[in-house]
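Scroll down for the structure; my scribbles are underneath it.
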Amino acid sequence: MANVALARVYQQSFETHPYTTLALTNGAFNALGDIVAQLTQKVAQIEQRPEDRRRQWTYDIPRTMRFFAFGFGMGPLIGRWNFFLERNFPLRSEGGLGKVSLRALARRVGADQLFMAPIGLAIFIGSMGVMEGRDAKHIGQRYSDLYKPALMANWQVWPLAQLVNFRFMPLAYRVPFQSTCGVFWTLYLSLLNAKEDERQDRDEGLRRTLE
(Lines give C-alpha, C1' and ligand atoms only; values in the text may rest on other atoms or scores of the structure.)
Protein backbone atom coordinates (compact mmCIF):
# COMPACT_ATOMS: atom_id res chain seq x y z
CA MET A 1 0.00 0.00 0.00
CA ALA A 2 2.86 2.37 0.76
CA ASN A 3 4.24 1.86 -2.75
CA VAL A 4 0.84 2.58 -4.27
CA ALA A 5 0.48 5.75 -2.19
CA LEU A 6 4.00 6.86 -3.17
CA ALA A 7 3.25 6.23 -6.85
CA ARG A 8 0.05 8.25 -6.55
CA VAL A 9 1.91 11.17 -4.94
CA TYR A 10 4.56 11.03 -7.65
CA GLN A 11 1.93 10.95 -10.43
CA GLN A 12 0.12 13.96 -8.97
CA SER A 13 3.40 15.85 -8.61
CA PHE A 14 4.40 14.98 -12.18
CA GLU A 15 1.06 16.18 -13.54
CA THR A 16 1.28 19.55 -11.77
CA HIS A 17 5.05 20.18 -11.78
CA PRO A 18 6.64 17.73 -14.24
CA TYR A 19 10.12 19.20 -14.56
CA THR A 20 10.56 19.97 -10.87
CA THR A 21 9.48 16.41 -10.08
CA LEU A 22 11.92 14.95 -12.60
CA ALA A 23 14.75 17.17 -11.35
CA LEU A 24 14.29 16.20 -7.70
CA THR A 25 13.80 12.50 -8.50
CA ASN A 26 16.84 12.28 -10.73
CA GLY A 27 18.95 14.32 -8.32
CA ALA A 28 18.01 12.08 -5.38
CA PHE A 29 18.86 8.88 -7.26
CA ASN A 30 22.19 10.34 -8.44
CA ALA A 31 23.05 11.28 -4.87
CA LEU A 32 22.12 7.75 -3.75
CA GLY A 33 24.46 6.31 -6.36
CA ASP A 34 27.36 8.37 -5.04
CA ILE A 35 26.55 7.41 -1.44
CA VAL A 36 26.75 3.75 -2.44
CA ALA A 37 30.00 4.46 -4.28
CA GLN A 38 31.63 6.13 -1.29
CA LEU A 39 30.58 3.33 1.05
CA THR A 40 31.89 0.82 -1.48
CA GLN A 41 35.23 2.60 -1.52
CA LYS A 42 35.35 2.46 2.26
CA VAL A 43 34.41 -1.20 2.62
CA ALA A 44 36.39 -2.57 -0.31
CA GLN A 45 39.41 -0.28 0.25
CA ILE A 46 39.81 0.26 -3.44
CA GLU A 47 43.04 2.15 -2.95
CA GLN A 48 45.53 -0.39 -1.60
CA ARG A 49 48.58 1.81 -1.12
CA PRO A 50 49.90 1.79 2.49
CA GLU A 51 49.50 5.53 2.94
CA ASP A 52 45.82 5.24 1.93
CA ARG A 53 45.17 2.47 4.45
CA ARG A 54 46.60 4.59 7.26
CA ARG A 55 44.54 7.63 6.30
CA GLN A 56 41.21 7.91 8.12
CA TRP A 57 38.24 7.65 5.78
CA THR A 58 35.77 10.52 5.84
CA TYR A 59 32.52 10.85 3.95
CA ASP A 60 32.72 13.47 1.19
CA ILE A 61 29.44 15.42 1.41
CA PRO A 62 30.34 17.98 -1.32
CA ARG A 63 30.96 15.10 -3.73
CA THR A 64 27.43 13.76 -3.14
CA MET A 65 26.01 17.26 -3.55
CA ARG A 66 27.79 17.56 -6.90
CA PHE A 67 26.11 14.36 -8.06
CA PHE A 68 22.76 15.64 -6.82
CA ALA A 69 23.29 18.89 -8.73
CA PHE A 70 24.19 17.00 -11.90
CA GLY A 71 21.12 14.76 -11.61
CA PHE A 72 18.90 17.73 -10.75
CA GLY A 73 19.99 19.52 -13.92
CA MET A 74 19.77 16.45 -16.15
CA GLY A 75 16.29 15.34 -14.98
CA PRO A 76 14.30 17.95 -16.96
CA LEU A 77 16.61 17.52 -19.96
CA ILE A 78 15.99 13.77 -20.02
CA GLY A 79 12.29 14.43 -19.56
CA ARG A 80 12.23 16.74 -22.58
CA TRP A 81 14.19 14.15 -24.53
CA ASN A 82 11.63 11.47 -23.67
CA PHE A 83 8.83 13.76 -24.88
CA PHE A 84 10.77 14.25 -28.12
CA LEU A 85 11.24 10.49 -28.60
CA GLU A 86 7.57 9.83 -27.83
CA ARG A 87 6.48 12.36 -30.45
CA ASN A 88 9.02 11.61 -33.19
CA PHE A 89 9.64 7.88 -32.70
CA PRO A 90 6.16 6.40 -32.07
CA LEU A 91 6.12 2.72 -31.20
CA ARG A 92 2.58 2.01 -32.36
CA SER A 93 0.85 2.60 -35.65
CA GLU A 94 -2.87 3.14 -36.26
CA GLY A 95 -3.21 6.18 -34.05
CA GLY A 96 -1.33 4.64 -31.16
CA LEU A 97 -3.69 1.66 -30.85
CA GLY A 98 -1.74 -0.92 -32.83
CA LYS A 99 0.90 -3.36 -31.70
CA VAL A 100 4.32 -2.14 -30.67
CA SER A 101 6.71 -2.29 -33.61
CA LEU A 102 10.04 -3.87 -32.70
CA ARG A 103 11.66 -1.94 -35.55
CA ALA A 104 10.31 1.34 -34.15
CA LEU A 105 11.47 0.36 -30.66
CA ALA A 106 14.96 -0.36 -32.00
CA ARG A 107 15.02 3.03 -33.75
CA ARG A 108 14.04 4.79 -30.53
CA VAL A 109 16.72 3.00 -28.50
CA GLY A 110 19.25 3.68 -31.25
CA ALA A 111 18.43 7.38 -31.30
CA ASP A 112 18.76 7.53 -27.52
CA GLN A 113 22.12 5.76 -27.44
CA LEU A 114 23.69 7.47 -30.44
CA PHE A 115 22.57 10.98 -29.54
CA MET A 116 21.67 11.46 -25.88
CA ALA A 117 24.14 9.01 -24.33
CA PRO A 118 27.26 10.76 -25.74
CA ILE A 119 25.84 14.18 -24.82
CA GLY A 120 24.98 13.09 -21.28
CA LEU A 121 28.48 11.73 -20.69
CA ALA A 122 30.06 14.89 -22.07
CA ILE A 123 27.92 17.00 -19.73
CA PHE A 124 28.80 14.75 -16.79
CA ILE A 125 32.57 14.96 -17.28
CA GLY A 126 32.54 18.70 -17.96
CA SER A 127 30.15 19.65 -15.16
CA MET A 128 31.99 17.55 -12.58
CA GLY A 129 35.25 19.19 -13.55
CA VAL A 130 33.73 22.66 -13.26
CA MET A 131 32.05 21.93 -9.90
CA GLU A 132 35.33 20.55 -8.55
CA GLY A 133 37.12 23.77 -9.57
CA ARG A 134 39.32 22.17 -12.24
CA ASP A 135 40.86 24.34 -14.93
CA ALA A 136 40.38 23.83 -18.67
CA LYS A 137 43.57 21.79 -18.99
CA HIS A 138 42.53 19.27 -16.34
CA ILE A 139 38.98 19.04 -17.69
CA GLY A 140 40.37 18.38 -21.17
CA GLN A 141 42.55 15.63 -19.73
CA ARG A 142 39.48 14.11 -18.12
CA TYR A 143 37.76 13.90 -21.48
CA SER A 144 40.83 12.16 -22.90
CA ASP A 145 41.00 9.68 -20.02
CA LEU A 146 37.34 9.00 -19.23
CA TYR A 147 35.06 9.71 -22.17
CA LYS A 148 35.77 6.78 -24.47
CA PRO A 149 35.86 4.00 -21.81
CA ALA A 150 32.72 5.38 -20.15
CA LEU A 151 30.88 5.55 -23.49
CA MET A 152 31.91 1.98 -24.36
CA ALA A 153 30.66 0.82 -20.96
CA ASN A 154 27.43 2.75 -21.50
CA TRP A 155 26.75 0.96 -24.76
CA GLN A 156 27.21 -2.41 -23.05
CA VAL A 157 24.63 -1.66 -20.34
CA TRP A 158 22.04 0.93 -21.33
CA PRO A 159 20.56 -0.33 -24.64
CA LEU A 160 18.84 -3.24 -22.87
CA ALA A 161 17.73 -1.05 -19.95
CA GLN A 162 16.28 1.55 -22.31
CA LEU A 163 14.58 -1.10 -24.40
CA VAL A 164 12.69 -2.22 -21.29
CA ASN A 165 12.09 1.40 -20.30
CA PHE A 166 10.65 2.52 -23.63
CA ARG A 167 8.64 -0.65 -24.15
CA PHE A 168 6.96 -1.08 -20.78
CA MET A 169 7.15 2.14 -18.72
CA PRO A 170 4.58 4.97 -19.06
CA LEU A 171 6.07 8.31 -20.06
CA ALA A 172 5.80 9.78 -16.56
CA TYR A 173 7.83 6.95 -15.04
CA ARG A 174 10.63 6.66 -17.58
CA VAL A 175 12.98 9.07 -15.83
CA PRO A 176 12.43 7.40 -12.41
CA PHE A 177 12.99 3.97 -13.98
CA GLN A 178 16.13 5.22 -15.69
CA SER A 179 17.26 6.86 -12.45
CA THR A 180 16.70 3.62 -10.52
CA CYS A 181 18.81 1.66 -12.99
CA GLY A 182 21.17 4.61 -12.96
CA VAL A 183 22.04 4.11 -9.28
CA PHE A 184 24.42 1.37 -10.39
CA TRP A 185 25.59 3.43 -13.38
CA THR A 186 26.22 6.39 -11.06
CA LEU A 187 28.17 4.02 -8.81
CA TYR A 188 30.42 3.23 -11.78
CA LEU A 189 30.78 6.88 -12.83
CA SER A 190 31.44 8.00 -9.27
CA LEU A 191 34.22 5.47 -8.78
CA LEU A 192 35.67 6.29 -12.19
CA ASN A 193 35.56 10.03 -11.49
CA ALA A 194 37.03 9.61 -7.99
CA LYS A 195 39.98 7.60 -9.29
CA GLU A 196 40.63 10.26 -11.94
CA ASP A 197 40.45 12.95 -9.21
CA GLU A 198 43.10 11.16 -7.18
CA ARG A 199 45.33 10.63 -10.21
CA GLN A 200 45.15 14.30 -11.21
CA ASP A 201 45.73 15.48 -7.62
CA ARG A 202 48.70 13.12 -7.29
CA ASP A 203 50.20 14.30 -10.59
CA GLU A 204 49.65 17.94 -9.64
CA GLY A 205 51.31 17.40 -6.27
CA LEU A 206 54.30 15.74 -7.93
CA ARG A 207 54.58 18.58 -10.42
CA ARG A 208 54.61 21.18 -7.65
CA THR A 209 57.22 19.20 -5.73
CA LEU A 210 59.50 19.10 -8.77
CA GLU A 211 59.09 22.83 -9.29
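Every chain in the C-alpha coordinates takes a letter, A first, then B, and so on in the order presented; its residues are numbered from 1, and the ligands are numbered from 1 following the presented order.
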Next on the checklist: Taking the DSSP secondary structure from the backbone, can you list the residues of chain A that are helix (DSSP H, G or I), as number ranges by chain?
Outcome noted: A: 2-16, 18-44, 50-54, 61-88, 102-131, 136-168, 171-210
Checklist entry - Could you name the residues that touch Gly75 in chain A at 12 Å or less, counting only C-alpha atoms, but leaving out those on the same chain fewer than 5 positions away, as a ChimeraX atom specification? => result /A:18-30,68-70,80-82,120,172-179,182
Item to check | Residues near range 147-151 of chain A, cut-off 12 Å, only C-alpha atoms, skip fewer than 4 positions along chain, as a VMD selection string | outcome: chain A and resid 113 to 126 139 to 143 155 to 159 185 to 186 188 to 193 196
Next on the checklist: Can you measure CA of Arg107 in chain A to CA of Met152 in chain A for me? One decimal in Å is fine.
Outcome noted: 19.4 Å
Next on the checklist: One number please: CA of Gln200 in chain A to CA of Ala31 in chain A, in Å, one decimal.
Outcome noted: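 These two atoms are separated by 23.2 Å.
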Checklist outcome for this item: Residue with the minimum atom-to-atom distance to Val100 in chain A, picked from A:Tyr10, A:Phe168, A:Gly33, A:Thr64 with only C-alpha atoms counted, is A:Phe168
Checklist entry - Of the candidates A:Met131, A:Ala153, A:Val164, A:Ile35, which one gets nearest to Arg108 in chain A if we count only C-alpha atoms? => result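 So, comparing all the options, the nearest one is A:Val164.
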Checklist entry - Could you work out how far CA of Val36 in chain A lies from CA of Leu187 in chain A, giving the answer in Å with one decimal? => result 6.5 Å
Checklist entry - Which residue out of A:Pro76, A:Gly110, A:Gly129, A:Pro170 has the minimum interatomic distance to Ala194 in chain A when only C-alpha atoms are used? => result A:Gly129
